[in-house]
$ cat start_27.txt   # compact mmCIF, C-alpha atoms and all ligand atoms
# COMPACT_ATOMS: atom_id res chain seq x y z
CA MET A 207 184.09 -97.70 -27.81
CA SER A 208 180.64 -98.65 -26.90
CA GLY A 209 180.33 -95.35 -25.12
CA PHE A 210 181.43 -93.56 -28.26
CA CYS A 211 179.09 -95.64 -30.35
CA ARG A 212 176.37 -94.98 -27.99
CA SER A 213 177.23 -91.38 -28.01
CA SER A 214 177.63 -91.26 -31.73
CA LEU A 215 174.15 -92.68 -32.13
CA ALA A 216 172.72 -90.63 -29.36
CA LEU A 217 173.48 -87.28 -31.02
CA PRO A 218 171.48 -87.82 -34.20
CA ILE A 219 168.66 -89.32 -32.23
CA LEU A 220 168.65 -86.35 -29.95
CA ALA A 221 168.76 -84.05 -32.93
CA LEU A 222 165.90 -85.93 -34.54
CA MET A 223 163.88 -85.81 -31.38
CA LEU A 224 164.51 -82.09 -31.15
CA LEU A 225 163.54 -81.57 -34.76
CA THR A 226 160.41 -83.62 -34.26
CA LEU A 227 159.57 -81.54 -31.28
CA ILE A 228 160.18 -78.32 -33.16
CA ILE A 229 158.10 -79.44 -36.14
CA HIS A 230 155.40 -80.68 -33.84
CA ALA A 231 155.41 -77.44 -32.02
CA ALA A 232 155.30 -75.48 -35.24
CA LEU A 233 152.42 -77.50 -36.65
CA ALA A 234 150.34 -77.62 -33.50
CA PRO A 235 147.85 -74.74 -33.13
CA ALA A 236 149.27 -71.99 -31.00
CA PRO A 237 147.62 -71.59 -27.57
CA VAL A 238 145.08 -68.72 -27.98
CA SER A 239 143.52 -66.34 -25.46
CA GLU A 240 139.89 -65.21 -25.50
CA VAL A 241 140.88 -61.60 -26.20
CA GLU A 242 142.59 -62.65 -29.37
CA ILE A 243 139.51 -64.52 -30.47
CA VAL A 244 137.19 -61.55 -29.93
CA ALA A 245 139.33 -58.73 -31.23
CA ALA A 246 141.38 -60.47 -33.75
CA PRO A 247 142.47 -57.05 -34.92
CA SER A 248 144.33 -56.44 -38.03
CA ALA A 249 147.42 -54.31 -37.69
CA LEU A 250 145.51 -51.24 -38.83
CA GLN A 251 142.58 -51.84 -36.48
CA GLU A 252 144.97 -52.34 -33.62
CA HIS A 253 146.54 -49.00 -34.36
CA GLU A 254 143.14 -47.34 -34.53
CA VAL A 255 141.99 -48.83 -31.23
CA ARG A 256 145.13 -47.64 -29.52
CA ARG A 257 144.63 -44.11 -30.86
CA LEU A 258 141.01 -44.01 -29.78
CA THR A 259 141.88 -45.31 -26.35
CA ILE A 260 144.42 -42.55 -25.91
CA GLU A 261 141.97 -39.90 -27.11
CA LEU A 262 139.31 -41.22 -24.78
CA ARG A 263 141.66 -41.05 -21.83
CA GLN A 264 142.66 -37.48 -22.73
CA LEU A 265 139.04 -36.52 -23.05
CA ARG A 266 138.18 -37.97 -19.68
CA GLU A 267 141.06 -36.13 -18.09
CA LEU A 268 139.94 -32.89 -19.69
CA LEU A 269 136.40 -33.43 -18.53
CA GLU A 270 137.46 -34.21 -14.99
CA SER A 271 139.69 -31.17 -14.76
CA ASN A 272 136.92 -28.93 -16.15
CA LEU A 273 134.35 -30.32 -13.77
CA GLU A 274 136.64 -29.56 -10.92
CA GLU A 275 137.07 -26.02 -12.20
CA ILE A 276 133.35 -25.10 -12.54
CA THR A 277 132.06 -27.03 -9.63
CA PRO A 278 131.83 -24.20 -7.04
CA SER A 279 129.79 -21.80 -9.19
CA ARG A 280 127.82 -24.64 -10.65
CA ARG A 281 127.01 -25.90 -7.21
CA ALA A 282 125.74 -22.46 -6.22
CA LEU A 283 123.56 -22.31 -9.31
CA LEU A 284 122.14 -25.73 -8.67
CA ALA A 285 121.45 -24.81 -5.06
CA ALA A 286 119.62 -21.64 -6.09
CA GLN A 287 117.58 -23.53 -8.63
CA MET A 288 116.67 -26.20 -6.11
CA GLU A 289 115.64 -23.55 -3.64
CA ARG A 290 113.47 -21.89 -6.25
CA GLU A 291 111.84 -25.14 -7.19
CA GLU A 292 111.21 -25.93 -3.57
CA LYS A 293 109.59 -22.54 -3.01
CA GLU A 294 107.43 -23.00 -6.09
CA LYS A 295 106.35 -26.37 -4.83
CA GLU A 296 105.52 -24.87 -1.44
CA GLN A 297 103.52 -22.10 -3.12
CA GLU A 298 101.64 -24.66 -5.21
CA THR A 299 100.83 -26.67 -2.14
CA LYS A 300 99.60 -23.55 -0.36
CA GLU A 301 97.43 -22.53 -3.31
CA ARG A 302 96.01 -26.01 -3.55
CA GLU A 303 95.19 -25.94 0.15
CA ILE A 304 93.50 -22.54 -0.17
CA SER A 305 91.49 -23.60 -3.18
CA GLU A 306 90.44 -26.78 -1.37
CA LYS A 307 89.43 -24.74 1.66
CA LEU A 308 87.48 -22.37 -0.58
CA LYS A 309 85.73 -25.34 -2.12
CA ALA A 310 84.90 -26.63 1.32
CA ALA A 311 83.63 -23.19 2.44
CA PRO A 312 79.94 -22.49 1.98
CA ALA A 313 79.26 -21.15 -1.53
CA VAL A 314 77.70 -17.73 -1.99
CA PRO A 315 74.07 -18.70 -2.49
CA PRO A 316 72.18 -17.32 -5.45
CA PRO A 317 70.43 -14.07 -4.55
CA ALA A 318 66.93 -14.46 -3.15
CA ARG A 319 65.29 -12.12 -5.60
CA ASP A 320 65.92 -10.40 -8.89
CA ILE A 321 68.27 -7.47 -8.81
CA LYS A 322 66.63 -4.07 -8.49
CA SER A 323 67.55 -1.11 -10.56
CA THR A 324 67.48 2.34 -9.00
CA THR A 325 65.22 3.26 -11.89
CA THR A 326 62.03 1.86 -10.39
CA PRO A 327 58.59 3.42 -11.02
CA ALA A 328 58.66 5.01 -7.57
CA VAL A 329 61.94 6.75 -8.29
CA VAL A 330 60.72 7.87 -11.69
CA ALA A 331 57.46 9.21 -10.31
CA ALA A 332 59.37 11.28 -7.79
CA ILE A 333 61.22 13.29 -10.40
CA PRO A 334 59.75 16.75 -9.78
CA THR A 335 60.10 18.59 -13.08
CA THR A 336 61.70 18.17 -16.42
CA LYS A 337 65.45 17.92 -15.94
CA THR A 338 68.13 18.77 -18.42
CA VAL A 339 69.84 15.42 -18.80
CA LEU A 340 70.02 11.83 -17.65
CA VAL A 341 73.61 10.61 -17.90
CA GLY A 342 74.21 6.87 -18.16
CA LEU A 343 77.80 5.79 -17.61
CA LEU A 344 78.20 2.36 -19.14
CA THR A 345 80.55 0.23 -17.05
CA VAL A 346 81.01 -3.24 -15.49
CA PRO A 347 80.76 -4.51 -11.88
CA GLU A 348 84.53 -5.20 -11.66
CA LYS A 349 85.39 -1.51 -11.95
CA ILE A 350 84.31 -0.65 -8.43
CA GLN A 351 87.40 1.51 -7.86
CA ARG A 352 86.54 3.70 -10.83
CA ARG A 353 83.00 4.17 -9.47
CA ALA A 354 84.41 5.13 -6.09
CA LEU A 355 86.64 7.72 -7.79
CA ILE A 356 83.77 9.16 -9.79
CA ARG A 357 81.48 9.38 -6.74
CA ALA A 358 84.26 11.06 -4.77
CA THR A 359 85.09 13.58 -7.48
CA TYR A 360 83.01 14.86 -10.38
CA LEU A 361 79.67 13.65 -9.02
CA GLN A 362 80.13 16.17 -6.21
CA LEU A 363 79.58 18.86 -8.84
CA LYS A 364 76.35 17.30 -10.13
CA PRO A 365 73.68 20.01 -10.37
CA PRO A 366 70.07 19.15 -9.48
CA ASN A 367 68.95 19.25 -13.13
CA VAL A 368 71.23 16.29 -13.90
CA ASP A 369 70.57 12.65 -12.98
CA PHE A 370 73.43 10.21 -13.16
CA PHE A 371 73.46 6.39 -13.30
CA PHE A 372 76.05 3.68 -13.58
CA VAL A 373 74.69 1.31 -16.20
CA PHE A 374 75.25 -2.46 -16.09
CA GLY A 375 74.15 -5.56 -17.88
CA THR A 376 72.57 -8.26 -15.72
CA PRO A 377 75.31 -9.42 -13.33
CA SER A 378 76.58 -12.91 -14.07
CA THR A 379 77.74 -13.99 -10.58
CA PRO A 380 76.02 -13.95 -7.16
CA GLU A 381 78.88 -11.77 -5.84
CA HIS A 382 78.42 -9.09 -8.50
CA HIS A 383 74.65 -9.29 -8.10
CA ARG A 384 75.00 -8.49 -4.40
CA LEU A 385 77.63 -5.82 -4.99
CA LEU A 386 75.29 -3.93 -7.31
CA GLU A 387 72.44 -4.34 -4.81
CA TRP A 388 74.57 -2.85 -2.03
CA GLU A 389 75.73 0.00 -4.25
CA ARG A 390 72.15 0.69 -5.25
CA ARG A 391 71.12 0.93 -1.59
CA ALA A 392 74.13 3.06 -0.67
CA HIS A 393 74.16 5.42 -3.62
CA GLY A 394 70.90 5.11 -5.57
CA ASP A 395 72.68 5.35 -8.90
CA VAL A 396 72.61 1.81 -10.30
CA MET A 397 70.80 1.00 -13.54
CA VAL A 398 70.62 -2.67 -14.49
CA LEU A 399 69.65 -3.62 -18.03
CA PRO A 400 67.94 -6.84 -19.10
CA CYS A 401 70.90 -8.01 -21.19
CA GLU A 402 74.23 -9.73 -20.68
CA GLU A 403 77.22 -7.48 -20.08
CA ASN A 404 78.69 -6.34 -23.42
CA MET A 405 80.06 -3.32 -25.21
CA ASP A 406 79.20 -3.65 -28.89
CA GLY A 407 76.61 -6.39 -28.50
CA GLY A 408 73.60 -4.10 -28.05
CA LYS A 409 74.09 -2.62 -24.57
CA THR A 410 73.68 0.90 -25.94
CA PHE A 411 70.35 -0.04 -27.50
CA HIS A 412 69.19 -1.58 -24.21
CA PHE A 413 70.25 1.56 -22.35
CA PHE A 414 68.22 3.96 -24.50
CA ASN A 415 65.34 1.52 -24.67
CA HIS A 416 65.30 1.10 -20.88
CA VAL A 417 65.42 4.86 -20.31
CA ALA A 418 62.66 5.50 -22.86
CA THR A 419 60.33 2.85 -21.45
CA THR A 420 61.09 3.32 -17.75
CA PHE A 421 60.84 7.08 -17.69
CA ALA A 422 57.73 7.17 -19.80
CA ALA A 423 56.08 4.33 -17.89
CA VAL A 424 54.45 6.08 -14.97
CA GLY A 425 51.63 7.85 -16.75
CA THR A 426 52.02 11.37 -18.02
CA HIS A 427 54.52 13.27 -16.01
CA ASN A 428 53.31 16.81 -16.54
CA GLU A 429 49.96 18.08 -17.68
CA ASP A 430 51.53 19.16 -20.96
CA ALA A 431 53.29 15.78 -21.34
CA GLU A 432 56.80 17.16 -21.22
CA PRO A 433 59.39 14.40 -21.05
CA ARG A 434 61.29 13.95 -17.80
CA TYR A 435 64.61 14.69 -19.46
CA LYS A 436 65.39 16.97 -22.36
CA PHE A 437 68.48 14.90 -23.15
CA VAL A 438 69.89 11.48 -22.48
CA MET A 439 73.64 11.02 -22.53
CA LYS A 440 75.69 7.87 -22.89
CA ALA A 441 79.27 8.00 -21.56
CA ASP A 442 82.20 5.63 -21.07
CA ASP A 443 83.98 5.05 -17.77
CA ASP A 444 87.35 6.44 -18.91
CA VAL A 445 86.10 10.03 -19.04
CA TRP A 446 85.98 12.95 -16.64
CA LEU A 447 82.64 14.73 -16.94
CA HIS A 448 82.07 18.33 -15.98
CA LEU A 449 78.35 18.07 -15.27
CA PRO A 450 77.58 21.78 -14.67
CA ASN A 451 79.23 22.72 -18.00
CA LEU A 452 77.42 19.85 -19.73
CA ALA A 453 74.02 20.89 -18.39
CA ALA A 454 74.57 24.55 -19.28
CA ARG A 455 75.56 23.64 -22.82
CA LEU A 456 72.61 21.27 -23.33
CA ASP A 457 70.15 23.80 -22.00
CA ALA A 458 71.22 26.13 -24.80
CA LEU A 459 70.59 23.52 -27.53
CA PRO A 460 67.34 22.82 -29.42
CA LYS A 461 65.35 20.20 -27.53
CA ASP A 462 64.29 18.26 -30.62
CA GLY A 463 66.40 16.35 -33.13
CA THR A 464 69.68 17.22 -31.44
CA TYR A 465 72.64 14.88 -31.64
CA PHE A 466 75.49 16.25 -29.52
CA GLY A 467 79.07 15.07 -29.01
CA ARG A 468 82.37 15.18 -30.86
CA GLU A 469 82.20 13.90 -34.39
CA VAL A 470 84.49 11.29 -35.92
CA HIS A 471 85.07 11.60 -39.70
CA GLY A 472 81.85 13.59 -39.90
CA ALA A 473 80.03 10.26 -39.54
CA PHE A 474 79.09 9.79 -35.87
CA MET A 475 79.69 11.20 -32.39
CA ALA A 476 82.55 9.43 -30.56
CA GLY A 477 81.39 6.79 -28.08
CA MET A 478 83.29 8.38 -25.17
CA GLY A 479 80.17 10.49 -24.62
CA TYR A 480 77.27 11.84 -26.64
CA ALA A 481 73.78 13.13 -25.92
CA LEU A 482 70.48 12.72 -27.77
CA SER A 483 67.38 14.82 -27.34
CA TRP A 484 64.44 12.95 -25.81
CA ASP A 485 62.52 12.59 -29.08
CA MET A 486 65.38 10.51 -30.51
CA VAL A 487 65.51 8.32 -27.43
CA ALA A 488 61.78 7.68 -27.72
CA TRP A 489 62.19 6.89 -31.42
CA ILE A 490 65.02 4.36 -30.74
CA SER A 491 62.66 2.53 -28.39
CA ALA A 492 59.58 2.71 -30.61
CA ASP A 493 60.99 1.97 -34.06
CA PRO A 494 61.85 -1.67 -34.88
CA PHE A 495 64.99 -0.77 -36.84
CA PRO A 496 67.36 -0.13 -33.87
CA ALA A 497 66.18 -3.26 -32.05
CA GLU A 498 66.81 -5.33 -35.15
CA ASN A 499 70.25 -3.79 -35.70
CA LYS A 500 71.61 -3.40 -32.22
CA VAL A 501 74.90 -5.29 -32.65
CA GLY A 502 78.00 -3.47 -33.93
CA GLN A 503 80.43 -0.73 -32.93
CA GLU A 504 78.03 1.11 -30.69
CA ASP A 505 78.72 4.77 -31.59
CA ALA A 506 78.71 4.30 -35.37
CA THR A 507 75.71 1.94 -35.16
CA LEU A 508 73.67 4.50 -33.26
CA ALA A 509 74.41 7.20 -35.88
CA TRP A 510 73.31 4.75 -38.56
CA TRP A 511 69.91 4.22 -36.86
CA LEU A 512 69.35 7.95 -36.47
CA ALA A 513 70.29 8.68 -40.08
CA LYS A 514 68.12 5.83 -41.30
CA GLY A 515 65.15 7.18 -39.33
CA ASN A 516 65.79 10.78 -40.45
CA GLN A 517 66.01 11.76 -36.81
CA ILE A 518 68.92 14.21 -36.92
CA LEU A 519 67.87 17.84 -37.22
CA HIS A 520 70.77 19.39 -35.30
CA TRP A 521 74.20 17.85 -35.66
CA VAL A 522 76.22 19.54 -32.89
CA SER A 523 79.88 18.58 -32.77
CA GLU A 524 81.88 20.12 -29.93
CA GLU A 525 85.58 20.26 -30.79
CA LYS A 526 87.04 22.35 -27.99
CA GLU A 527 85.39 21.03 -24.83
CA PHE A 528 85.45 17.31 -25.64
CA TYR A 529 89.12 16.33 -25.68
CA ASP A 530 91.75 13.76 -24.68
CA ASP A 531 93.66 14.02 -21.42
CA PRO A 532 96.65 16.43 -21.63
CA SER A 533 98.99 13.47 -20.91
CA TYR A 534 97.73 11.62 -23.97
CA VAL A 535 100.29 12.00 -26.76
CA GLU A 536 98.11 11.77 -29.84
CA GLY A 537 94.62 12.58 -30.95
CA TRP A 538 92.56 15.28 -29.33
CA ALA A 539 94.77 16.09 -26.34
CA HIS A 540 95.17 19.65 -25.11
CA HIS A 541 95.32 21.37 -21.77
CA TYR A 542 92.30 21.69 -19.49
CA THR A 543 89.91 24.45 -20.53
CA PRO A 544 87.51 26.38 -18.26
CA GLY A 545 84.54 25.28 -20.39
CA THR A 546 85.50 21.58 -20.30
CA ILE A 547 82.61 19.18 -20.77
CA LEU A 548 84.35 15.82 -21.22
CA ILE A 549 87.96 14.62 -20.95
CA HIS A 550 88.68 11.25 -22.54
CA ARG A 551 91.33 8.53 -22.05
CA LEU A 552 91.66 8.64 -18.29
CA LYS A 553 92.99 5.12 -18.20
CA ASN A 554 94.50 5.23 -14.75
CA GLU A 555 93.95 6.70 -11.32
CA THR A 556 96.82 9.20 -11.56
CA VAL A 557 95.46 11.07 -14.56
CA PHE A 558 91.90 10.85 -13.22
CA LEU A 559 92.99 12.43 -9.94
CA ARG A 560 94.97 15.11 -11.77
CA ALA A 561 91.87 16.19 -13.68
CA SER A 562 89.88 16.07 -10.44
CA ALA A 563 92.42 18.28 -8.68
CA HIS A 564 92.24 20.81 -11.49
CA PHE A 565 88.45 21.14 -11.47
CA LEU A 566 87.38 20.28 -7.93
CA ASP A 567 89.77 22.53 -6.02
CA ALA A 568 88.25 25.55 -7.70
CA ALA A 569 84.64 24.38 -7.56
CA LEU A 570 84.16 22.79 -4.15
CA ASP A 571 83.22 24.95 -1.24
CA GLU A 572 85.70 24.07 1.51
CA ASP A 573 83.28 25.21 4.20
CA ALA A 574 80.32 23.15 3.01
CA PRO A 575 79.06 20.73 5.68
CA ASP A 576 79.91 17.06 5.50
CA THR A 577 76.94 15.37 3.82
CA THR A 578 76.75 12.38 6.13
CA LEU A 579 76.65 14.57 9.22
CA ALA A 580 74.13 16.87 7.54
CA LYS A 581 71.90 13.84 6.84
CA GLN A 582 72.23 12.59 10.42
CA GLY A 583 71.44 16.07 11.76
C1 LIG B 601 99.09 6.83 -15.71
O1 LIG B 601 99.12 7.36 -17.03
C2 LIG B 601 100.04 8.43 -17.21
C3 LIG B 601 99.82 8.98 -18.58
O2 LIG B 601 99.80 7.98 -19.56
C4 LIG B 601 101.44 7.91 -16.98
O3 LIG B 601 102.37 8.97 -17.13
C5 LIG B 601 101.53 7.36 -15.57
O4 LIG B 601 102.80 6.78 -15.38
C6 LIG B 601 100.46 6.31 -15.33
N1 LIG B 601 100.46 5.95 -13.93
C7 LIG B 601 100.37 4.70 -13.49
C8 LIG B 601 100.38 4.51 -12.03
O5 LIG B 601 100.27 3.76 -14.27

$ encode --input "start_27.txt" --output "structure tokens"
Amino acid sequence: MSGFCRSSLALPILALMLLTLIIHAALAPAPVSEVEIVAAPSALQEHEVRRLTIELRQLRELLESNLEEITPSRRALLAAQMEREEKEKEQETKEREISEKLKAAPAVPPPARDIKSTTTPAVVAAIPTTKTVLVGLLTVPEKIQRRALIRATYLQLKPPNVDFFFVFGTPSTPEHHRLLEWERRAHGDVMVLPCEENMDGGKTFHFFNHVATTFAAVGTHNEDAEPRYKFVMKADDDVWLHLPNLAARLDALPKDGTYFGREVHGAFMAGMGYALSWDMVAWISADPFPAENKVGQEDATLAWWLAKGNQILHWVSEEKEFYDDPSYVEGWAHHYTPGTILIHRLKNETVFLRASAHFLDAALDEDAPDTTLAKQG
């Protein structure tokens, strides 16, 4: 019985203990992990995070598969780029080395004396009689190749009644200074003006002024005070000049008050090349107006001076024999003519040589002796 009793008491106690345990367990705070503390996601957030995680994984897979696909060509591209960059770096290094070496090399010293112009008093005094024309071709030291072309081609046709000079401003570097000195010694055709190199900054004024003063400087030339040149011509370096035709034409023109070239809008002679009779050249030098107004588009400015000074008696515009190169598509282009005086717009060697071939082949005597040998003999 006691066993029963005991057992009959034991059951409720056990049940109570179990209940207590269950209640206790239910009331006690549940054991929590760190993750749950941080995220503590609501049901919705949890869903969202799962979706994003999946998308992220898909994206990564996509990316990895794509990378694998483009890798070979991409690698080649990268390699080529790296090679290019390396070469550039090498080139830079080389250039830096060269420039450092140049810096270390002795500098070209400034020239010992002032540059000489061919147009010295001695040269002027030696001019035997009045010549038809002095031609000044306004150019710059850099264009040595163009000078070589001109000396090799149309200057070979220069008649004795024409004098020809390359006209420069004062050279701005020791190298150019020396170059012009050497060319003067070799060719005797270098005129250096006392002004900086420029085109529309007064170089034309300085040219006519220099010619007027230099060639009038050595006393009276002839007993009857005839000027040394009937005409003075200014020309650009992109022209081909037929000097025999020019001289013949000028000789037929009045020697006073003549303004010769190809007119633009009836207002001035185009700057590619125009000639003035000597009286106008002397006036440009003597009158203060040109000196005071020397800056501006050089061809139009010159016409303005002459008009202002009432210098123009004979306005001679030559339409047919002053023209643009046949290869030039607009403007005054036409084919070469036998009476050609000036061809304009010879911007490159090819067209310059083409004009030379046309005129020189007919004019040069193939059997003439070589000048250098003739001089040595
Ligand atoms: C020179 O100019 C001519 C005419 O404009 C052109 O046909 C030719 O291709 C040029 N030559 C060079 C070497 O630039």

$ atom_distance --input "start_27.txt" --atom1 "atom CA of Ile350 of chain A" --atom2 "atom CA of Gly477 of chain A"
21.2 Å

$ residues_near_ligand --input "start_27.txt" --ligand "ligand LIG 601 (chain B)" --cutoff "9 Å" --atoms "all atoms listed in the file" --output "MDAnalysis selection string"
chainID A and resid 531:535 551:558

$ closest_residue --input "start_27.txt" --among "A:Thr338, A:Gln351, A:Ser378, A:Thr507" --to "Ala458 of chain A" --atoms "all atoms listed in the file"
A:Thr338

$ atom_distance --input "start_27.txt" --atom1 "atom CA of Glu527 of chain A" --atom2 "atom CA of Phe437 of chain A"
18.1 Å

$ closest_residue --input "start_27.txt" --among "A:Phe374, A:Trp511, A:Tyr542, A:Trp484" --to "Ala563 of chain A" --atoms "all atoms listed in the file"
A:Tyr542

$ residues_around --input "start_27.txt" --residues "Val417 of chain A" --least-positions-apart "2" --cutoff "9 Å" --atoms "only C-alpha atoms" --output "number ranges by chain"
A: 325, 340, 412-415, 419-422, 438, 487-488, 491

$ write_last_selection --input "start_27.txt" --atoms "C-alpha atoms" --output "PDB file, keeping the file's coordinate frame"
ATOM      1  CA  THR A 325      65.220   3.260 -11.890  1.00  0.00           C
ATOM      2  CA  LEU A 340      70.020  11.830 -17.650  1.00  0.00           C
ATOM      3  CA  HIS A 412      69.190  -1.580 -24.210  1.00  0.00           C
ATOM      4  CA  PHE A 413      70.250   1.560 -22.350  1.00  0.00           C
ATOM      5  CA  PHE A 414      68.220   3.960 -24.500  1.00  0.00           C
ATOM      6  CA  ASN A 415      65.340   1.520 -24.670  1.00  0.00           C
ATOM      7  CA  THR A 419      60.330   2.850 -21.450  1.00  0.00           C
ATOM      8  CA  THR A 420      61.090   3.320 -17.750  1.00  0.00           C
ATOM      9  CA  PHE A 421      60.840   7.080 -17.690  1.00  0.00           C
ATOM     10  CA  ALA A 422      57.730   7.170 -19.800  1.00  0.00           C
ATOM     11  CA  VAL A 438      69.890  11.480 -22.480  1.00  0.00           C
ATOM     12  CA  VAL A 487      65.510   8.320 -27.430  1.00  0.00           C
ATOM     13  CA  ALA A 488      61.780   7.680 -27.720  1.00  0.00           C
ATOM     14  CA  SER A 491      62.660   2.530 -28.390  1.00  0.00           C
TER      15      SER A 491
END

$ decode --input "start_27.txt" --residues "segment 345-361 of chain A" --atoms "N, CA and C atoms" --output "PDB file, in the first residue's frame"
ATOM      1  N   THR A 345      61.061  86.632 -97.705  1.00  0.00           N
ATOM      2  CA  THR A 345      60.934  85.275 -97.169  1.00  0.00           C
ATOM      3  C   THR A 345      61.534  85.209 -95.759  1.00  0.00           C
ATOM      4  N   VAL A 346      61.665  83.989 -95.220  1.00  0.00           N
ATOM      5  CA  VAL A 346      62.180  83.811 -93.850  1.00  0.00           C
ATOM      6  C   VAL A 346      63.303  82.779 -93.860  1.00  0.00           C
ATOM      7  N   PRO A 347      64.233  82.839 -92.895  1.00  0.00           N
ATOM      8  CA  PRO A 347      65.381  81.921 -92.897  1.00  0.00           C
ATOM      9  C   PRO A 347      64.987  80.437 -92.975  1.00  0.00           C
ATOM     10  N   GLU A 348      63.885  80.056 -92.323  1.00  0.00           N
ATOM     11  CA  GLU A 348      63.478  78.643 -92.274  1.00  0.00           C
ATOM     12  C   GLU A 348      63.272  78.045 -93.658  1.00  0.00           C
ATOM     13  N   LYS A 349      62.885  78.862 -94.630  1.00  0.00           N
ATOM     14  CA  LYS A 349      62.515  78.311 -95.937  1.00  0.00           C
ATOM     15  C   LYS A 349      63.729  78.135 -96.841  1.00  0.00           C
ATOM     16  N   ILE A 350      64.739  77.470 -96.323  1.00  0.00           N
ATOM     17  CA  ILE A 350      65.969  77.280 -97.085  1.00  0.00           C
ATOM     18  C   ILE A 350      65.737  76.396 -98.308  1.00  0.00           C
ATOM     19  N   GLN A 351      64.821  75.429 -98.192  1.00  0.00           N
ATOM     20  CA  GLN A 351      64.565  74.536 -99.319  1.00  0.00           C
ATOM     21  C   GLN A 351      63.946  75.303-100.493  1.00  0.00           C
ATOM     22  N   ARG A 352      63.064  76.246-100.181  1.00  0.00           N
ATOM     23  CA  ARG A 352      62.456  77.040-101.242  1.00  0.00           C
ATOM     24  C   ARG A 352      63.524  77.889-101.935  1.00  0.00           C
ATOM     25  N   ARG A 353      64.471  78.426-101.167  1.00  0.00           N
ATOM     26  CA  ARG A 353      65.544  79.235-101.780  1.00  0.00           C
ATOM     27  C   ARG A 353      66.410  78.369-102.695  1.00  0.00           C
ATOM     28  N   ALA A 354      66.672  77.139-102.226  1.00  0.00           N
ATOM     29  CA  ALA A 354      67.474  76.226-103.047  1.00  0.00           C
ATOM     30  C   ALA A 354      66.752  75.940-104.375  1.00  0.00           C
ATOM     31  N   LEU A 355      65.443  75.746-104.298  1.00  0.00           N
ATOM     32  CA  LEU A 355      64.653  75.488-105.510  1.00  0.00           C
ATOM     33  C   LEU A 355      64.706  76.679-106.456  1.00  0.00           C
ATOM     34  N   ILE A 356      64.546  77.862-105.895  1.00  0.00           N
ATOM     35  CA  ILE A 356      64.534  79.071-106.729  1.00  0.00           C
ATOM     36  C   ILE A 356      65.893  79.275-107.390  1.00  0.00           C
ATOM     37  N   ARG A 357      66.973  79.077-106.616  1.00  0.00           N
ATOM     38  CA  ARG A 357      68.316  79.262-107.181  1.00  0.00           C
ATOM     39  C   ARG A 357      68.579  78.237-108.280  1.00  0.00           C
ATOM     40  N   ALA A 358      68.024  77.029-108.079  1.00  0.00           N
ATOM     41  CA  ALA A 358      68.269  75.966-109.060  1.00  0.00           C
ATOM     42  C   ALA A 358      67.396  76.109-110.300  1.00  0.00           C
ATOM     43  N   THR A 359      66.347  76.898-110.215  1.00  0.00           N
ATOM     44  CA  THR A 359      65.403  76.945-111.348  1.00  0.00           C
ATOM     45  C   THR A 359      65.317  78.336-111.977  1.00  0.00           C
ATOM     46  N   TYR A 360      64.362  79.157-111.552  1.00  0.00           N
ATOM     47  CA  TYR A 360      64.106  80.368-112.355  1.00  0.00           C
ATOM     48  C   TYR A 360      65.221  81.408-112.286  1.00  0.00           C
ATOM     49  N   LEU A 361      66.081  81.329-111.252  1.00  0.00           N
ATOM     50  CA  LEU A 361      67.190  82.287-111.219  1.00  0.00           C
ATOM     51  C   LEU A 361      68.215  82.004-112.317  1.00  0.00           C
TER      52      LEU A 361
END
